[in-house]
file model_7.pdb (PDB, C-alpha atoms)
ATOM      1  CA  MET O 130       7.941  22.034 -10.319
ATOM      2  CA  PRO O 131      10.828  23.555  -8.317
ATOM      3  CA  LEU O 132      12.336  21.945  -5.246
ATOM      4  CA  PHE O 133      10.482  22.792  -2.032
ATOM      5  CA  ASP O 134      11.779  20.180   0.418
ATOM      6  CA  MET O 135      15.113  19.968   2.234
ATOM      7  CA  PRO O 136      18.347  19.491   0.210
ATOM      8  CA  LEU O 137      18.805  16.002  -1.229
ATOM      9  CA  GLU O 138      22.027  15.383   0.714
ATOM     10  CA  GLU O 139      20.128  15.988   3.957
ATOM     11  CA  MET O 140      17.190  13.824   2.931
ATOM     12  CA  ARG O 141      19.434  10.866   2.187
ATOM     13  CA  VAL O 142      20.392  10.702   5.878
ATOM     14  CA  TYR O 143      17.143  12.071   7.328
ATOM     15  CA  LYS O 144      15.980   9.702  10.080
ATOM     16  CA  PRO O 145      13.613  11.501  12.436
ATOM     17  CA  PRO O 146      12.634   9.886  15.727
ATOM     18  CA  ARG O 147       9.524   7.742  15.513
ATOM     19  CA  GLU O 148       6.445   8.767  17.471
ATOM     20  CA  GLU O 149       5.120   5.375  18.434
ATOM     21  CA  PRO O 150       2.468   4.469  21.019
ATOM     22  CA  ASP O 151       3.465   1.923  23.664
ATOM     23  CA  ASP O 152       0.740  -0.478  22.574
ATOM     24  CA  PHE O 153       1.506  -0.277  18.825
ATOM     25  CA  ASP O 154       2.364  -3.972  18.462
ATOM     26  CA  ALA O 155      -0.476  -5.097  20.711
ATOM     27  CA  PHE O 156      -2.951  -2.960  18.765
ATOM     28  CA  TRP O 157      -1.999  -4.532  15.453
ATOM     29  CA  ALA O 158      -1.734  -8.057  16.839
ATOM     30  CA  GLU O 159      -5.259  -7.753  18.185
ATOM     31  CA  THR O 160      -6.526  -6.189  14.952
ATOM     32  CA  LEU O 161      -5.153  -9.013  12.799
ATOM     33  CA  SER O 162      -6.353 -11.639  15.276
ATOM     34  CA  GLU O 163      -9.878 -10.245  15.071
ATOM     35  CA  ALA O 164      -9.728 -10.306  11.265
ATOM     36  CA  ARG O 165      -8.445 -13.881  11.202
ATOM     37  CA  ALA O 166     -11.372 -14.987  13.337
ATOM     38  CA  TYR O 167     -13.297 -14.794  10.051
ATOM     39  CA  ASP O 168     -12.641 -17.506   7.501
ATOM     40  CA  LEU O 169     -10.562 -15.953   4.706
ATOM     41  CA  ASP O 170     -12.914 -17.671   2.231
ATOM     42  CA  ALA O 171     -10.881 -16.532  -0.791
ATOM     43  CA  ARG O 172     -12.974 -17.079  -3.929
ATOM     44  CA  PHE O 173     -11.414 -17.072  -7.384
ATOM     45  CA  ASP O 174     -14.066 -17.018 -10.111
ATOM     46  CA  ALA O 175     -12.757 -17.367 -13.658
ATOM     47  CA  ALA O 176     -13.413 -14.250 -15.743
ATOM     48  CA  ASP O 177     -13.136 -13.795 -19.513
ATOM     49  CA  PHE O 178     -11.485 -10.590 -20.726
ATOM     50  CA  GLY O 179     -10.309 -11.923 -24.063
ATOM     51  CA  LEU O 180      -6.751 -12.704 -22.948
ATOM     52  CA  SER O 181      -5.044 -15.736 -24.471
ATOM     53  CA  THR O 182      -1.872 -15.893 -22.332
ATOM     54  CA  ILE O 183      -3.136 -14.894 -18.868
ATOM     55  CA  ASP O 184      -5.782 -16.535 -16.694
ATOM     56  CA  VAL O 185      -7.990 -13.978 -14.957
ATOM     57  CA  PHE O 186     -10.045 -14.496 -11.810
ATOM     58  CA  ASP O 187     -12.574 -12.196 -10.157
ATOM     59  CA  LEU O 188     -11.369 -12.367  -6.560
ATOM     60  CA  SER O 189     -13.093 -11.784  -3.251
ATOM     61  CA  PHE O 190     -11.931 -12.525   0.291
ATOM     62  CA  ALA O 191     -12.805 -11.639   3.880
ATOM     63  CA  GLY O 192     -10.986  -8.514   5.038
ATOM     64  CA  PHE O 193     -11.463  -6.409   8.156
ATOM     65  CA  GLY O 194     -14.619  -7.396  10.020
ATOM     66  CA  GLY O 195     -15.217 -10.215   7.546
ATOM     67  CA  ASP O 196     -16.185  -7.658   4.871
ATOM     68  CA  ARG O 197     -15.896  -8.964   1.296
ATOM     69  CA  ILE O 198     -12.979  -7.295  -0.474
ATOM     70  CA  LYS O 199     -12.728  -7.474  -4.249
ATOM     71  CA  GLY O 200      -9.685  -7.725  -6.479
ATOM     72  CA  TRP O 201      -8.278  -9.323  -9.592
ATOM     73  CA  TYR O 202      -6.032 -12.371  -9.563
ATOM     74  CA  MET O 203      -4.048 -13.164 -12.699
ATOM     75  CA  ALA O 204      -1.517 -15.841 -13.547
ATOM     76  CA  PRO O 205       0.453 -16.578 -16.723
ATOM     77  CA  ARG O 206      -1.201 -19.428 -18.563
ATOM     78  CA  GLY O 207       0.838 -22.600 -18.934
ATOM     79  CA  LEU O 208       3.712 -21.787 -16.573
ATOM     80  CA  GLY O 209       2.437 -23.986 -13.759
ATOM     81  CA  GLY O 210       4.263 -23.386 -10.521
ATOM     82  CA  PRO O 211       5.499 -22.697  -8.020
ATOM     83  CA  LEU O 212       5.387 -19.062  -9.101
ATOM     84  CA  PRO O 213       6.580 -15.951  -7.262
ATOM     85  CA  ALA O 214       3.680 -13.588  -6.624
ATOM     86  CA  VAL O 215       3.175  -9.832  -6.565
ATOM     87  CA  VAL O 216       0.385  -8.187  -4.563
ATOM     88  CA  GLU O 217      -0.376  -4.620  -5.658
ATOM     89  CA  TYR O 218      -2.254  -1.877  -3.814
ATOM     90  CA  ILE O 219      -3.877   1.154  -5.445
ATOM     91  CA  GLY O 220      -3.342   4.892  -5.079
ATOM     92  CA  TYR O 221      -5.728   7.239  -3.298
ATOM     93  CA  GLY O 222      -9.169   7.509  -4.858
ATOM     94  CA  GLY O 223      -8.685   4.653  -7.315
ATOM     95  CA  GLY O 224     -10.251   1.211  -7.565
ATOM     96  CA  ARG O 225      -9.406  -2.059  -9.262
ATOM     97  CA  GLY O 226     -10.763  -1.048 -12.687
ATOM     98  CA  TYR O 227     -10.348  -3.779 -15.311
ATOM     99  CA  PRO O 228      -7.743  -6.550 -15.589
ATOM    100  CA  LEU O 229      -6.548  -5.059 -18.885
ATOM    101  CA  GLU O 230      -5.014  -2.232 -16.822
ATOM    102  CA  TRP O 231      -2.818  -4.604 -14.797
ATOM    103  CA  LEU O 232      -1.008  -6.825 -17.305
ATOM    104  CA  ALA O 233       2.669  -6.014 -16.655
ATOM    105  CA  PHE O 234       3.507  -8.418 -13.823
ATOM    106  CA  PRO O 235       1.517 -11.457 -15.016
ATOM    107  CA  SER O 236       2.922 -10.903 -18.510
ATOM    108  CA  ALA O 237       6.401 -10.999 -16.972
ATOM    109  CA  GLY O 238       5.690 -14.423 -15.454
ATOM    110  CA  PHE O 239       4.485 -13.591 -11.952
ATOM    111  CA  ALA O 240       1.277 -14.595 -10.222
ATOM    112  CA  TYR O 241      -0.425 -11.307  -9.478
ATOM    113  CA  LEU O 242      -3.164  -9.962  -7.220
ATOM    114  CA  VAL O 243      -4.386  -6.374  -7.290
ATOM    115  CA  MET O 244      -6.605  -5.464  -4.322
ATOM    116  CA  ASP O 245      -9.589  -3.180  -4.658
ATOM    117  CA  THR O 246      -9.708  -0.383  -2.062
ATOM    118  CA  ARG O 247     -12.765  -0.363   0.168
ATOM    119  CA  GLY O 248     -14.905   2.736  -0.261
ATOM    120  CA  GLN O 249     -12.608   4.267  -2.876
ATOM    121  CA  GLY O 250     -12.666   3.986  -6.654
ATOM    122  CA  GLY O 251     -14.742   7.092  -7.268
ATOM    123  CA  VAL O 252     -12.125   9.359  -8.862
ATOM    124  CA  TRP O 253      -9.686   8.091 -11.491
ATOM    125  CA  ARG O 254     -10.412   4.339 -11.733
ATOM    126  CA  HIS O 255     -13.622   2.654 -10.670
ATOM    127  CA  GLY O 256     -13.865   0.394  -7.634
ATOM    128  CA  ASP O 257     -16.329  -2.312  -6.618
ATOM    129  CA  THR O 258     -15.844  -2.686  -2.853
ATOM    130  CA  PRO O 259     -18.061  -0.732  -0.431
ATOM    131  CA  ASP O 260     -16.766   0.284   2.979
ATOM    132  CA  LEU O 261     -18.869  -1.916   5.233
ATOM    133  CA  PRO O 262     -20.510  -2.093   7.730
ATOM    134  CA  ASN O 263     -21.370   1.509   6.966
ATOM    135  CA  GLY O 264     -22.644   0.549   3.511
ATOM    136  CA  ALA O 265     -20.647   3.364   1.930
ATOM    137  CA  ASN O 266     -20.412   2.821  -1.808
ATOM    138  CA  PRO O 267     -17.145   3.671  -3.607
ATOM    139  CA  SER O 268     -16.922   7.446  -3.446
ATOM    140  CA  THR O 269     -14.678  10.452  -3.882
ATOM    141  CA  PRO O 270     -12.244  11.575  -1.125
ATOM    142  CA  GLY O 271     -11.677  12.384   1.579
ATOM    143  CA  PHE O 272     -10.861   9.361   3.590
ATOM    144  CA  MET O 273      -8.036  10.805   5.646
ATOM    145  CA  THR O 274     -10.191  11.903   8.588
ATOM    146  CA  GLN O 275     -12.890   9.210   8.676
ATOM    147  CA  GLY O 276     -12.936   7.972  12.274
ATOM    148  CA  ILE O 277      -9.660   9.765  13.023
ATOM    149  CA  LEU O 278     -10.439  10.545  16.664
ATOM    150  CA  ASN O 279      -9.856   6.922  17.675
ATOM    151  CA  PRO O 280      -7.392   4.407  16.178
ATOM    152  CA  CYS O 281     -10.002   1.660  16.493
ATOM    153  CA  THR O 282     -12.442   3.525  14.250
ATOM    154  CA  TYR O 283      -9.979   5.087  11.811
ATOM    155  CA  TYR O 284     -10.569   4.250   8.148
ATOM    156  CA  TYR O 285      -7.020   3.045   7.607
ATOM    157  CA  ARG O 286      -7.319   0.379  10.300
ATOM    158  CA  ARG O 287      -9.745  -1.362   7.982
ATOM    159  CA  LEU O 288      -7.654  -0.770   4.875
ATOM    160  CA  TYR O 289      -4.330  -1.895   6.391
ATOM    161  CA  THR O 290      -6.031  -5.063   7.563
ATOM    162  CA  ASP O 291      -7.517  -5.718   4.123
ATOM    163  CA  ALA O 292      -4.038  -5.339   2.638
ATOM    164  CA  ALA O 293      -2.584  -7.950   4.973
ATOM    165  CA  ARG O 294      -5.419 -10.359   4.210
ATOM    166  CA  ALA O 295      -4.770  -9.919   0.477
ATOM    167  CA  VAL O 296      -1.330 -11.461   0.991
ATOM    168  CA  GLU O 297      -2.955 -14.358   2.797
ATOM    169  CA  ALA O 298      -5.342 -14.764  -0.135
ATOM    170  CA  VAL O 299      -2.563 -14.992  -2.726
ATOM    171  CA  ARG O 300      -0.619 -17.429  -0.542
ATOM    172  CA  SER O 301      -3.641 -19.735  -0.619
ATOM    173  CA  ARG O 302      -3.207 -20.382  -4.358
ATOM    174  CA  PRO O 303      -1.639 -23.794  -5.079
ATOM    175  CA  GLU O 304       0.567 -22.450  -7.899
ATOM    176  CA  VAL O 305       2.062 -19.686  -5.726
ATOM    177  CA  ASP O 306       5.369 -20.094  -3.927
ATOM    178  CA  ALA O 307       4.510 -18.798  -0.454
ATOM    179  CA  ALA O 308       8.177 -17.995   0.221
ATOM    180  CA  ARG O 309       8.364 -15.585  -2.732
ATOM    181  CA  ILE O 310       5.767 -12.883  -2.128
ATOM    182  CA  ALA O 311       6.324  -9.241  -3.073
ATOM    183  CA  VAL O 312       4.085  -6.278  -2.295
ATOM    184  CA  THR O 313       4.031  -3.099  -4.344
ATOM    185  CA  GLY O 314       2.077   0.050  -5.071
ATOM    186  CA  SER O 315       2.370   3.766  -5.654
ATOM    187  CA  SER O 316       1.372   6.578  -3.286
ATOM    188  CA  GLN O 317      -1.370   5.119  -1.052
ATOM    189  CA  GLY O 318      -0.479   1.754  -2.544
ATOM    190  CA  GLY O 319       3.118   2.361  -1.548
ATOM    191  CA  GLY O 320       2.028   3.142   1.996
ATOM    192  CA  LEU O 321       0.003  -0.070   2.124
ATOM    193  CA  SER O 322       3.035  -2.002   0.865
ATOM    194  CA  ILE O 323       5.089  -0.680   3.782
ATOM    195  CA  SER O 324       2.405  -1.399   6.389
ATOM    196  CA  THR O 325       1.878  -4.921   5.038
ATOM    197  CA  ALA O 326       5.593  -5.702   5.003
ATOM    198  CA  GLY O 327       5.803  -4.406   8.574
ATOM    199  CA  LEU O 328       2.881  -6.528   9.731
ATOM    200  CA  LEU O 329       3.659  -9.780   7.902
ATOM    201  CA  PRO O 330       7.141 -11.311   8.156
ATOM    202  CA  GLU O 331       6.227 -13.696   5.320
ATOM    203  CA  VAL O 332       6.462 -10.807   2.827
ATOM    204  CA  ALA O 333       9.858 -11.237   1.134
ATOM    205  CA  VAL O 334      10.054  -8.043  -0.939
ATOM    206  CA  CYS O 335       8.514  -4.577  -0.553
ATOM    207  CA  MET O 336       8.601  -2.365  -3.656
ATOM    208  CA  THR O 337       7.106   0.961  -2.628
ATOM    209  CA  ASP O 338       6.828   3.948  -4.920
ATOM    210  CA  VAL O 339       6.430   7.580  -3.785
ATOM    211  CA  PRO O 340       4.739   6.240  -0.649
ATOM    212  CA  PHE O 341       1.929   8.039   1.147
ATOM    213  CA  LEU O 342       1.034   7.586   4.845
ATOM    214  CA  SER O 343       4.505   8.169   6.316
ATOM    215  CA  HIS O 344       5.869  10.815   8.678
ATOM    216  CA  PHE O 345       2.425  12.393   9.034
ATOM    217  CA  ARG O 346       3.393  15.434  11.064
ATOM    218  CA  ARG O 347       5.993  16.699   8.603
ATOM    219  CA  ALA O 348       3.785  15.853   5.621
ATOM    220  CA  VAL O 349       0.830  17.788   7.032
ATOM    221  CA  ASP O 350       3.099  20.720   7.898
ATOM    222  CA  ILE O 351       4.678  21.186   4.456
ATOM    223  CA  THR O 352       2.550  19.525   1.761
ATOM    224  CA  PRO O 353       0.540  21.897  -0.470
ATOM    225  CA  ARG O 354      -1.572  19.285  -2.284
ATOM    226  CA  ASP O 355      -4.135  16.755  -1.084
ATOM    227  CA  PRO O 356      -4.596  14.273   0.519
ATOM    228  CA  TYR O 357      -2.474  15.338   3.538
ATOM    229  CA  PRO O 358      -4.151  18.793   3.730
ATOM    230  CA  GLU O 359      -7.464  17.024   4.462
ATOM    231  CA  ILE O 360      -6.049  16.551   7.960
ATOM    232  CA  ALA O 361      -5.115  20.222   8.279
ATOM    233  CA  ARG O 362      -8.595  21.306   7.171
ATOM    234  CA  PHE O 363     -10.171  18.996   9.743
ATOM    235  CA  LEU O 364      -8.015  20.538  12.459
ATOM    236  CA  GLN O 365      -8.927  24.051  11.342
ATOM    237  CA  ALA O 366     -12.474  23.220  12.439
ATOM    238  CA  HIS O 367     -11.512  20.965  15.391
ATOM    239  CA  ARG O 368      -8.877  23.115  17.056
ATOM    240  CA  ASP O 369      -8.888  21.137  20.295
ATOM    241  CA  LYS O 370      -8.239  17.760  18.615
ATOM    242  CA  VAL O 371      -4.652  18.171  17.402
ATOM    243  CA  ASP O 372      -3.077  15.833  19.966
ATOM    244  CA  THR O 373      -5.874  13.286  19.544
ATOM    245  CA  VAL O 374      -5.534  13.228  15.764
ATOM    246  CA  PHE O 375      -1.773  12.806  15.731
ATOM    247  CA  ARG O 376      -1.950  10.120  18.387
ATOM    248  CA  THR O 377      -4.325   8.166  16.150
ATOM    249  CA  LEU O 378      -2.030   8.687  13.163
ATOM    250  CA  SER O 379       0.927   7.303  15.116
ATOM    251  CA  TYR O 380      -0.668   3.843  14.878
ATOM    252  CA  PHE O 381      -0.652   4.139  11.069
ATOM    253  CA  ASP O 382       2.630   5.919  10.358
ATOM    254  CA  GLY O 383       4.823   4.236   7.764
ATOM    255  CA  LEU O 384       7.930   5.038   9.824
ATOM    256  CA  ASN O 385       6.793   2.580  12.476
ATOM    257  CA  PHE O 386       6.004  -0.168   9.981
ATOM    258  CA  ALA O 387       9.248   0.394   8.064
ATOM    259  CA  ALA O 388      11.206  -0.185  11.277
ATOM    260  CA  ARG O 389       9.529  -3.598  11.618
ATOM    261  CA  MET O 390      10.044  -4.677   8.025
ATOM    262  CA  SER O 391      11.999  -7.896   7.493
ATOM    263  CA  ALA O 392      11.483  -7.812   3.718
ATOM    264  CA  ARG O 393      14.081  -6.664   1.230
ATOM    265  CA  ALA O 394      13.000  -3.151   0.156
ATOM    266  CA  LEU O 395      13.097  -1.221  -3.115
ATOM    267  CA  TYR O 396      11.896   2.375  -2.708
ATOM    268  CA  SER O 397      11.401   5.067  -5.330
ATOM    269  CA  VAL O 398      10.991   8.791  -4.785
ATOM    270  CA  GLY O 399      10.201  11.891  -6.814
ATOM    271  CA  ILE O 400      12.506  14.577  -5.458
ATOM    272  CA  MET O 401      10.064  17.315  -6.574
ATOM    273  CA  ASP O 402       7.010  15.464  -5.235
ATOM    274  CA  THR O 403       4.433  17.926  -3.863
ATOM    275  CA  ILE O 404       1.955  15.249  -2.705
ATOM    276  CA  CYS O 405       4.234  12.854  -0.803
ATOM    277  CA  PRO O 406       7.305  14.977  -0.036
ATOM    278  CA  ALA O 407      10.638  13.328  -0.670
ATOM    279  CA  SER O 408      11.772  13.886   2.917
ATOM    280  CA  THR O 409       8.889  11.739   4.182
ATOM    281  CA  VAL O 410       9.879   8.945   1.795
ATOM    282  CA  PHE O 411      13.521   9.053   2.905
ATOM    283  CA  ALA O 412      12.368   9.139   6.537
ATOM    284  CA  SER O 413      10.603   5.826   6.007
ATOM    285  CA  TYR O 414      13.433   4.345   3.958
ATOM    286  CA  ASN O 415      16.053   5.216   6.551
ATOM    287  CA  HIS O 416      14.141   3.309   9.226
ATOM    288  CA  VAL O 417      14.151   0.050   7.211
ATOM    289  CA  PRO O 418      16.612  -2.203   9.065
ATOM    290  CA  GLY O 419      17.471  -4.715   6.335
ATOM    291  CA  GLU O 420      18.608  -4.802   2.712
ATOM    292  CA  LYS O 421      17.266  -1.848   0.773
ATOM    293  CA  GLU O 422      17.736   0.263  -2.328
ATOM    294  CA  MET O 423      16.411   3.678  -3.331
ATOM    295  CA  ARG O 424      15.707   4.912  -6.851
ATOM    296  CA  GLU O 425      15.698   8.722  -7.051
ATOM    297  CA  TYR O 426      13.870  10.633  -9.818
ATOM    298  CA  TYR O 427      15.189  14.127  -9.329
ATOM    299  CA  PHE O 428      13.028  16.110 -11.743
ATOM    300  CA  ASN O 429       9.786  14.232 -11.112
ATOM    301  CA  ASP O 430       6.748  15.124  -9.043
ATOM    302  CA  HIS O 431       4.315  12.511  -7.742
ATOM    303  CA  GLU O 432       4.461  10.471 -10.948
ATOM    304  CA  GLY O 433       7.907   9.367  -9.786
ATOM    305  CA  GLY O 434       9.605   6.924 -12.116
ATOM    306  CA  GLY O 435       6.461   5.992 -14.046
ATOM    307  CA  THR O 436       6.807   3.196 -16.593
ATOM    308  CA  HIS O 437      10.591   3.486 -16.430
ATOM    309  CA  HIS O 438      10.459   2.403 -12.807
ATOM    310  CA  LEU O 439       7.922  -0.350 -13.506
ATOM    311  CA  LEU O 440      10.578  -1.923 -15.724
ATOM    312  CA  GLU O 441      13.093  -1.452 -12.903
ATOM    313  CA  LYS O 442      10.810  -3.397 -10.547
ATOM    314  CA  ILE O 443      10.335  -6.262 -12.978
ATOM    315  CA  ARG O 444      14.088  -6.504 -13.510
ATOM    316  CA  TYR O 445      14.670  -6.327  -9.760
ATOM    317  CA  LEU O 446      12.343  -9.268  -9.121
ATOM    318  CA  ARG O 447      13.632 -11.293 -12.066
ATOM    319  CA  GLN O 448      17.157 -10.930 -10.681
ATOM    320  CA  LEU O 449      16.023 -12.108  -7.251
ATOM    321  CA  TRP O 450      13.709 -14.820  -8.527
ATOM    322  CA  PRO O 451      14.762 -16.074 -11.965
ATOM    323  CA  LEU O 452      11.895 -17.729 -13.821
TER     324      LEU O 452
END
call {"tool": "encode", "arguments": {"input": "model_7.pdb", "output": "structure tokens"}}
result
Amino acid sequence: MPLFDMPLEEMRVYKPPREEPDDFDAFWAETLSEARAYDLDARFDAADFGLSTIDVFDLSFAGFGGDRIKGWYMAPRGLGGPLPAVVEYIGYGGGRGYPLEWLAFPSAGFAYLVMDTRGQGGVWRHGDTPDLPNGANPSTPGFMTQGILNPCTYYYRRLYTDAARAVEAVRSRPEVDAARIAVTGSSQGGGLSISTAGLLPEVAVCMTDVPFLSHFRRAVDITPRDPYPEIARFLQAHRDKVDTVFRTLSYFDGLNFAARMSARALYSVGIMDTICPASTVFASYNHVPGEKEMREYYFNDHEGGGTHHLLEKIRYLRQLWPL
């Protein structure tokens, strides 16, 4: 895939102004307060998947609106605690699948929670969490325009809230060190990592890979591959809703969450990425105020650093938090 974005030297310093509504902080404070009115009620039911060195639990907890959100929680057997923990979020269209697909971090000695994605899990890995209260079973995309005419009804208000509550669920485990929590994920999961780190100061590390859901206006303008073009197709039919749509998206833009992040950040980017353009990743990165590092994969598309970068993340955490 050839380069299609701006030159790398420009992207490294690209810091566009943030389009942020005046009530951004109030909106999210109220949203999280409403979610916390429901008892988290995190349930960890032991599950047998034939693993001899990792304990596996079928997780559920109360997310947005008190809806039950599924996930897997895994911890290395016999290490005790307190353990640093990693919370992982999943890319667009995928679900939690099976624990056997998520062994890297618990095998490396970390407590680990992977959150299922409400309503998704109908494309490349199955999911088990419906999008309530609508009763929508896990399905195929698109999700980008569900409820997009109002920030209160937008799909990602529910998902961002679920992601924050997942951190609260892992912090409830007695073997977890609540001061050593990392969030991670690729694409949509990377976007959720940024939003969660921006919403929760207790997140210590944000490891976000080829993140989605940042710098919406540029992404929609230049990106040739879904999911961002879902928004453009919606606006082709709803020509009078452009301002309304982008106002809603301003409440969910990763640039605004990155600017609020107190966590240490490790970003990765595929310079030839045609799904989450590199310029949108650098735009988010350059708004992070604290300690941060970027890993660039020049000849890679949306796969980014792949397994190579997974090893980088494990080494990064082990250096910060020796076991």
call {"tool": "closest_residue", "arguments": {"input": "model_7.pdb", "among": "O:Lys442, O:Arg247, O:Arg368, O:Arg347", "to": "Ala394 in chain O", "atoms": "all atoms listed in the file"}}
result
O:Lys442
call {"tool": "residues_around", "arguments": {"input": "model_7.pdb", "residues": "range 136-141 of chain O", "least_positions_apart": "4", "cutoff": "10 Å", "atoms": "all atoms listed in the file", "output": "list of chain:residue names"}}
result
O:Leu132, O:Ile400, O:Ala407, O:Ser408, O:Thr409, O:Val410, O:Phe411, O:Ala412, O:Tyr414, O:Asn415, O:Met423, O:Glu425, O:Tyr427
call {"tool": "atom_distance", "arguments": {"input": "model_7.pdb", "atom1": "CA of Asp257 in chain O", "atom2": "CA of Met336 in chain O"}}
result
25.1 Å
call {"tool": "closest_residue", "arguments": {"input": "model_7.pdb", "among": "O:Phe375, O:Phe341, O:Tyr143, O:Phe272", "to": "Glu359 in chain O", "atoms": "only C-alpha atoms"}}
result
O:Phe272
call {"tool": "resolve_selection", "arguments": {"input": "model_7.pdb", "expression": "the PyMOL selection byres ((chain O and resi 418) around 9)", "output": "PyMOL selection string"}}
result
chain O and resi 387-391+414-417+419-421
call {"tool": "write_last_selection", "arguments": {"input": "model_7.pdb", "atoms": "C-alpha atoms", "output": "PDB file, keeping the file's coordinate frame"}}
result
ATOM      1  CA  ALA O 387       9.248   0.394   8.064  1.00  0.00           C
ATOM      2  CA  ALA O 388      11.206  -0.185  11.277  1.00  0.00           C
ATOM      3  CA  ARG O 389       9.529  -3.598  11.618  1.00  0.00           C
ATOM      4  CA  MET O 390      10.044  -4.677   8.025  1.00  0.00           C
ATOM      5  CA  SER O 391      11.999  -7.896   7.493  1.00  0.00           C
ATOM      6  CA  TYR O 414      13.433   4.345   3.958  1.00  0.00           C
ATOM      7  CA  ASN O 415      16.053   5.216   6.551  1.00  0.00           C
ATOM      8  CA  HIS O 416      14.141   3.309   9.226  1.00  0.00           C
ATOM      9  CA  VAL O 417      14.151   0.050   7.211  1.00  0.00           C
ATOM     10  CA  GLY O 419      17.471  -4.715   6.335  1.00  0.00           C
ATOM     11  CA  GLU O 420      18.608  -4.802   2.712  1.00  0.00           C
ATOM     12  CA  LYS O 421      17.266  -1.848   0.773  1.00  0.00           C
TER      13      LYS O 421
END
call {"tool": "residues_around", "arguments": {"input": "model_7.pdb", "residues": "Pro270 in chain O", "least_positions_apart": "2", "cutoff": "9 Å", "atoms": "only C-alpha atoms", "output": "ChimeraX atom specification"}}
result
/O:221-222,249,251-252,268,272-273,356
call {"tool": "closest_residue", "arguments": {"input": "model_7.pdb", "among": "O:Ser322, O:Gln365, O:Ser316, O:Thr377", "to": "Pro150 in chain O", "atoms": "all atoms listed in the file"}}
result
O:Thr377
call {"tool": "closest_residue", "arguments": {"input": "model_7.pdb", "among": "O:Ala204, O:Gly318, O:Gly238, O:Asp430", "to": "Gly224 in chain O", "atoms": "all atoms listed in the file"}}
result
O:Gly318
call {"tool": "resolve_selection", "arguments": {"input": "model_7.pdb", "expression": "the PyMOL selection byres ((chain O and resi 175-179) around 10)", "output": "MDAnalysis selection string"}}
result
chainID O and resid 172:174 180:188 201:203 227:229
call {"tool": "closest_residue", "arguments": {"input": "model_7.pdb", "among": "O:Ala295, O:Val142, O:Leu449, O:Ile443", "to": "Ala237 in chain O", "atoms": "all atoms listed in the file"}}
result
O:Ile443
call {"tool": "atom_distance", "arguments": {"input": "model_7.pdb", "atom1": "CA of Tyr396 in chain O", "atom2": "CA of Val339 in chain O"}}
result
7.6 Å
call {"tool": "decode", "arguments": {"input": "model_7.pdb", "residues": "range 333-345 of chain O", "atoms": "C-alpha atoms", "output": "PDB file, in the first residue's frame"}}
result
ATOM      1  CA  ALA O 333      -1.539   4.397  34.930  1.00  0.00           C
ATOM      2  CA  VAL O 334      -0.612   3.301  31.398  1.00  0.00           C
ATOM      3  CA  CYS O 335      -2.359   3.605  28.023  1.00  0.00           C
ATOM      4  CA  MET O 336      -1.005   1.376  25.244  1.00  0.00           C
ATOM      5  CA  THR O 337      -2.995   2.231  22.135  1.00  0.00           C
ATOM      6  CA  ASP O 338      -2.378   0.690  18.744  1.00  0.00           C
ATOM      7  CA  VAL O 339      -3.460   2.197  15.398  1.00  0.00           C
ATOM      8  CA  PRO O 340      -6.306   3.893  17.271  1.00  0.00           C
ATOM      9  CA  PHE O 341      -9.725   4.522  15.763  1.00  0.00           C
ATOM     10  CA  LEU O 342     -12.170   7.240  16.907  1.00  0.00           C
ATOM     11  CA  SER O 343      -9.784  10.212  16.756  1.00  0.00           C
ATOM     12  CA  HIS O 344      -9.795  13.397  14.684  1.00  0.00           C
ATOM     13  CA  PHE O 345     -13.112  12.443  13.083  1.00  0.00           C
TER      14      PHE O 345
END
